[in-house]
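Note sheet for the following structure.
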Amino acid sequence: MTASRLTFDDLELRFDREQEGTYRVVVTSSDGPATTGTFSRPFTDEELHAFVQRVGLVRSRSANPDRDEEMRAFGARLFDAVMTDRVGALYEAAQSRADAKDDRGMRLTLRLSGAPELMRLPWELMYRHPRFIAQSERTPLVRTLDLPSAHKPPPLTGPLRILGIISHPSGYAQLDSERERRNLEEALGPLLRSGRAELTWLERATIAELEQRIAQPDEVHVLHYIGHGAYDEKTDAGILVLETPQGRADDVSGQRLGTMLQDERSLRLVVLNSCEGARTSIVDPFSGVATRLLEFDIPAVVGMQFEITDAAAIAFSRSLYTGIANGASIDAAIGPARRAIDAAASSSEIGTPVLFLRSKETRLFDGAAPVGKETGRDVPPAPSPPAPRPDGGGAGSGGSGGGSPPHEVTPPAPSPPVVRPSPDGGGTSQPVPGAVRALWALIAVLAVAVFAFFASLVAQNVFGVDVPWIPGTGSSQVTPSDDAPPDQAPTEGTVPDVAGSAVDFAMSALRDAGFDNVAVEYVDSAQTGNTVVATDPPAGTTLGFDQLVTVQISNGFG
């Protein structure tokens with residue numbers, strides 16, 4: 001079963017702070033069951049920092065031969081701290097139901113709006129013997145926040161269009177731009193050669209040039225950033241280090257970047273190959289670059305919580321973009337991408353990428369990228385060279401991506417001209433132009449059509465023959481369509497009554513009723529946790545489909 005054909009049950013864990021180091025966990029499965037539990041951090045800040053220094057930093061990984069065992073032990077402690085008592089029982093039951101069907105998986109969604117400090121835990125390393133949960137395509141792990149639903153996935157009618165940005169301002173450790181460019185082109189090589197993806201580069205990594213590029217009429221589906229990232233402790237916000245026109249550093253916050261990208265509706269994914277792209281404040285869950293972009297309607301963002309090597313970045317990008325181009329949802333594509341890291345680099349990097357989702361809509365596009373013209377190159381094809389002249393001059397014989405040696409190309413023999421007899425019968429005249437031949441063919445078709453029409457009239461009026469294509473006969477009646485004209489399509493509907501139902505059922509009911517702009521709000525209520533208390537506007541209200549509907553969900557406190 002390929003990842004593109006998997007559908008997922010959802011097990012959502014919502015964390016809300018109760019007291020220092022202790023959190024209430026509200027767990028809901030997509031088929032309705034819910035429960036609550038308590039989570040206590042299994043590591044001190046000092047232990048977490050020491051772990052990141054040993055395992056998360058590239059320069060430290062080779063010096064620790066037991067890092068795989070340490071990662072498994074760390075991930076097991078994190079898993080055991082979450083999956084206790086009723087929470088663990090609900091997890092086991094949901095996992096068993098998903099395992100019973102070949103075409104289903106179980107997505108583990110962590111909702112961390114109520115506990116932003118938990119964003120800094122490497123959840124992607126949760127381990128349950130014998131595997132890391134997030135490494136399997138059947139058990140993806142994603143992070144999300146309290147935001148309205150994402151836009152419906154658009155069809156992918158052409159190649160997956162990726163805009164690459166490499167930033168290397170003065171004053172920072174210099175990146176090898178050409179190597180970074182080759183790395184991504186190598187990762188995308190098969191997709192580029194098949195015409196299923198297009199990769200273009202921003203000439204300069206300035207915010208002004210980015211604005212000019214996204215203002216162009218062609219679509220951009222993915223933004224792939226390579227460069228430096230940082231976390232500004234003074235403003236408590238994440239930044240990307242872009243460039244000024246003079247080549248100096250320009251600290252661009254997630255707020256500023258999101259403002260620039262907010263109207264690019266075709267943009268469905270941002271990949272931040274930079275340090276601390278996944279980091280957020282312990283107070284504001286939207287302070288990081290990745291999470292701030294979610295606020296600006298980007299459906300999915302991948303950030304890095306540790307350093308990542310070139311080999312790991314290439315393997316991850318190749319697998320991730322191939323899965324998306326094949327029609328896989330982003331959560332289904334990221335599991336195999338982690339395995340690709342393990343195969344190409346080391347298992348210590350599988351937890352580096354972090355997937356943030358705006359909502360439960362995980363399919364970025366409706367369908368797969370069609371196969372285009374085979375290019376035979378690892379980079380977007382250049383304009384075709386001039387055809388070789390018979391005398392051997394003209395274009396050079398440079399090779400292309402396959403590495404084949406230059407070879408002589410024999411020009412095809414010219415086709416003989418089409419000739420017709422001359423008017424005086426003596427020999428032939430010049431070839432008839434194609435446009436003239438087409439005109440005579442059109443005249444002949446029209447003559448036949450006119451003759452057939454008048455013959456049909458005679459048959460109907462003289463001989464009483466019922467001719468289907470003549471207006472007024474019984475068989476020519478057109479069955480009225482039940483579909484309203486496009487300009488009469490309904491623009492409003494009635495808010496359905498979803499009180500007391502599970503969250504997923506309520507969201508589906510609202511979407512089926514035509515409402516796509518849906519937000520979620522947790523409220524104090526004695527009603528069973530994670531069930532719907534009411535909607536705002538209330539059920540029965542007639543409302544435009546473009547208006548916001550807020551689903552109020554019980555947090556279990558009354």
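Identifiers in the structure tokens: chain A, B, ... in order shown; residue index from 1 per chain; ligand index from 1 in order shown.
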
Neighbouring residues of A:Gly164 were defined as those with any atom within 10 Å, considering only C-alpha atoms; residues of the same chain fewer than 5 positions away were excluded. Please report them as a count of residues only. 15

Quick one: everything within 12 Å of A:Thr550, counting only C-alpha atoms, minus sequence neighbours fewer than 4 positions away in the same chain. Send it as a ChimeraX atom specification. /A:146-149,495,498,503,506-507,510,515-523,532-539

With N, CA, C and O atoms kept, could you save the residues just selected as an mmCIF file, in the first residue's frame?
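Result file is selection-v5.cif:
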data_model
loop_
_atom_site.group_PDB
_atom_site.id
_atom_site.type_symbol
_atom_site.label_atom_id
_atom_site.label_comp_id
_atom_site.auth_asym_id
_atom_site.auth_seq_id
_atom_site.Cartn_x
_atom_site.Cartn_y
_atom_site.Cartn_z
ATOM 1 N N ASP A 146 -4.496 26.110 17.581
ATOM 2 C CA ASP A 146 -5.913 26.440 17.445
ATOM 3 C C ASP A 146 -6.078 27.517 16.376
ATOM 4 O O ASP A 146 -5.879 28.707 16.625
ATOM 5 N N LEU A 147 -6.449 27.083 15.173
ATOM 6 C CA LEU A 147 -6.639 27.988 14.046
ATOM 7 C C LEU A 147 -7.833 27.517 13.232
ATOM 8 O O LEU A 147 -8.216 26.346 13.293
ATOM 9 N N PRO A 148 -8.438 28.419 12.448
ATOM 10 C CA PRO A 148 -9.531 27.993 11.567
ATOM 11 C C PRO A 148 -9.043 26.984 10.546
ATOM 12 O O PRO A 148 -7.841 26.813 10.320
ATOM 13 N N SER A 149 -9.994 26.331 9.892
ATOM 14 C CA SER A 149 -9.660 25.312 8.905
ATOM 15 C C SER A 149 -8.868 25.916 7.750
ATOM 16 O O SER A 149 -9.032 27.084 7.410
ATOM 17 N N VAL A 495 -26.813 26.858 9.575
ATOM 18 C CA VAL A 495 -25.832 26.222 10.456
ATOM 19 C C VAL A 495 -26.457 24.980 11.072
ATOM 20 O O VAL A 495 -27.512 25.060 11.715
ATOM 21 N N VAL A 498 -24.904 20.570 15.773
ATOM 22 C CA VAL A 498 -23.881 19.557 16.022
ATOM 23 C C VAL A 498 -23.566 19.452 17.513
ATOM 24 O O VAL A 498 -22.578 18.819 17.902
ATOM 25 N N VAL A 503 -15.790 16.204 17.710
ATOM 26 C CA VAL A 503 -15.291 17.337 16.940
ATOM 27 C C VAL A 503 -15.225 17.009 15.454
ATOM 28 O O VAL A 503 -15.671 17.792 14.608
ATOM 29 N N ALA A 506 -18.592 17.047 13.831
ATOM 30 C CA ALA A 506 -19.099 18.409 13.695
ATOM 31 C C ALA A 506 -18.435 19.127 12.530
ATOM 32 O O ALA A 506 -19.102 19.817 11.739
ATOM 33 N N MET A 507 -17.112 18.983 12.405
ATOM 34 C CA MET A 507 -16.406 19.647 11.318
ATOM 35 C C MET A 507 -16.875 19.123 9.964
ATOM 36 O O MET A 507 -17.068 19.882 9.017
ATOM 37 N N LEU A 510 -20.362 20.526 9.148
ATOM 38 C CA LEU A 510 -20.300 21.916 8.720
ATOM 39 C C LEU A 510 -19.769 22.042 7.293
ATOM 40 O O LEU A 510 -20.276 22.838 6.493
ATOM 41 N N PHE A 515 -20.052 25.212 4.817
ATOM 42 C CA PHE A 515 -19.265 26.176 5.589
ATOM 43 C C PHE A 515 -17.821 25.694 5.682
ATOM 44 O O PHE A 515 -17.538 24.656 6.283
ATOM 45 N N ASP A 516 -16.896 26.447 5.081
ATOM 46 C CA ASP A 516 -15.481 26.075 5.086
ATOM 47 C C ASP A 516 -14.659 26.917 6.050
ATOM 48 O O ASP A 516 -13.569 26.529 6.447
ATOM 49 N N ASN A 517 -15.164 28.079 6.418
ATOM 50 C CA ASN A 517 -14.432 28.973 7.311
ATOM 51 C C ASN A 517 -14.845 28.651 8.751
ATOM 52 O O ASN A 517 -15.749 29.263 9.306
ATOM 53 N N VAL A 518 -14.175 27.663 9.340
ATOM 54 C CA VAL A 518 -14.568 27.133 10.648
ATOM 55 C C VAL A 518 -13.415 27.277 11.625
ATOM 56 O O VAL A 518 -12.273 26.935 11.309
ATOM 57 N N ALA A 519 -13.694 27.805 12.806
ATOM 58 C CA ALA A 519 -12.703 27.936 13.875
ATOM 59 C C ALA A 519 -13.123 27.070 15.062
ATOM 60 O O ALA A 519 -14.291 26.682 15.191
ATOM 61 N N VAL A 520 -12.152 26.768 15.914
ATOM 62 C CA VAL A 520 -12.393 25.940 17.093
ATOM 63 C C VAL A 520 -12.046 26.742 18.337
ATOM 64 O O VAL A 520 -11.005 27.402 18.383
ATOM 65 N N GLU A 521 -12.915 26.674 19.347
ATOM 66 C CA GLU A 521 -12.682 27.386 20.593
ATOM 67 C C GLU A 521 -13.032 26.462 21.763
ATOM 68 O O GLU A 521 -14.140 25.908 21.811
ATOM 69 N N TYR A 522 -12.087 26.254 22.669
ATOM 70 C CA TYR A 522 -12.346 25.435 23.849
ATOM 71 C C TYR A 522 -12.943 26.314 24.949
ATOM 72 O O TYR A 522 -12.457 27.417 25.219
ATOM 73 N N VAL A 523 -14.001 25.799 25.588
ATOM 74 C CA VAL A 523 -14.709 26.559 26.619
ATOM 75 C C VAL A 523 -14.862 25.699 27.866
ATOM 76 O O VAL A 523 -14.845 24.466 27.800
ATOM 77 N N VAL A 532 -18.795 18.836 21.335
ATOM 78 C CA VAL A 532 -19.262 20.161 20.950
ATOM 79 C C VAL A 532 -20.335 20.646 21.924
ATOM 80 O O VAL A 532 -21.319 19.954 22.178
ATOM 81 N N VAL A 533 -20.127 21.861 22.463
ATOM 82 C CA VAL A 533 -21.115 22.478 23.345
ATOM 83 C C VAL A 533 -22.137 23.259 22.515
ATOM 84 O O VAL A 533 -23.347 23.128 22.710
ATOM 85 N N ALA A 534 -21.671 24.050 21.573
ATOM 86 C CA ALA A 534 -22.549 24.862 20.737
ATOM 87 C C ALA A 534 -21.731 25.430 19.595
ATOM 88 O O ALA A 534 -20.520 25.207 19.497
ATOM 89 N N THR A 535 -22.411 26.141 18.712
ATOM 90 C CA THR A 535 -21.731 26.865 17.643
ATOM 91 C C THR A 535 -22.086 28.343 17.742
ATOM 92 O O THR A 535 -23.109 28.714 18.330
ATOM 93 N N ASP A 536 -21.221 29.178 17.195
ATOM 94 C CA ASP A 536 -21.461 30.618 17.143
ATOM 95 C C ASP A 536 -21.210 31.085 15.713
ATOM 96 O O ASP A 536 -20.078 31.013 15.236
ATOM 97 N N PRO A 537 -22.299 31.470 14.997
ATOM 98 C CA PRO A 537 -23.709 31.621 15.372
ATOM 99 C C PRO A 537 -24.353 30.268 15.723
ATOM 100 O O PRO A 537 -23.861 29.228 15.285
ATOM 101 N N PRO A 538 -25.471 30.317 16.453
ATOM 102 C CA PRO A 538 -26.102 29.077 16.903
ATOM 103 C C PRO A 538 -26.734 28.293 15.757
ATOM 104 O O PRO A 538 -26.953 28.819 14.656
ATOM 105 N N ALA A 539 -27.027 27.025 16.036
ATOM 106 C CA ALA A 539 -27.674 26.163 15.048
ATOM 107 C C ALA A 539 -28.986 26.781 14.582
ATOM 108 O O ALA A 539 -29.717 27.399 15.347
#

Tell me, which residues of stretch 154-374 of chain A carry DSSP strand (DSSP E or B), written as a ChimeraX atom specification? /A:155,160-166,197-201,222-226,228-232,237-243,249-253,269-273,300-304,353-357,366

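With only C-alpha atoms as the atoms that count, the residue of A:Val55, A:Val549, A:Met304, A:Leu294 with the shortest distance to A:Arg67 is A:Val55.
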
Mind checking which residues fall within 7 Å of A:Gly105, counting only C-alpha atoms, ignoring those fewer than 6 positions away in the same chain, and posting them as a PyMOL selection string? chain A and resi 6-9+98-99+138-139

Tell me, as JSON, numbers by chain, which residues lie within 12 Å of A:Ser501, counting only C-alpha atoms; anything in the same chain fewer than 2 positions away does not count. {"A": [28, 30, 31, 32, 33, 34, 496, 497, 498, 499, 503, 504, 505, 506, 507, 508, 509, 527, 528, 529, 530, 531, 532, 533, 534, 535, 551, 552, 553, 554]}
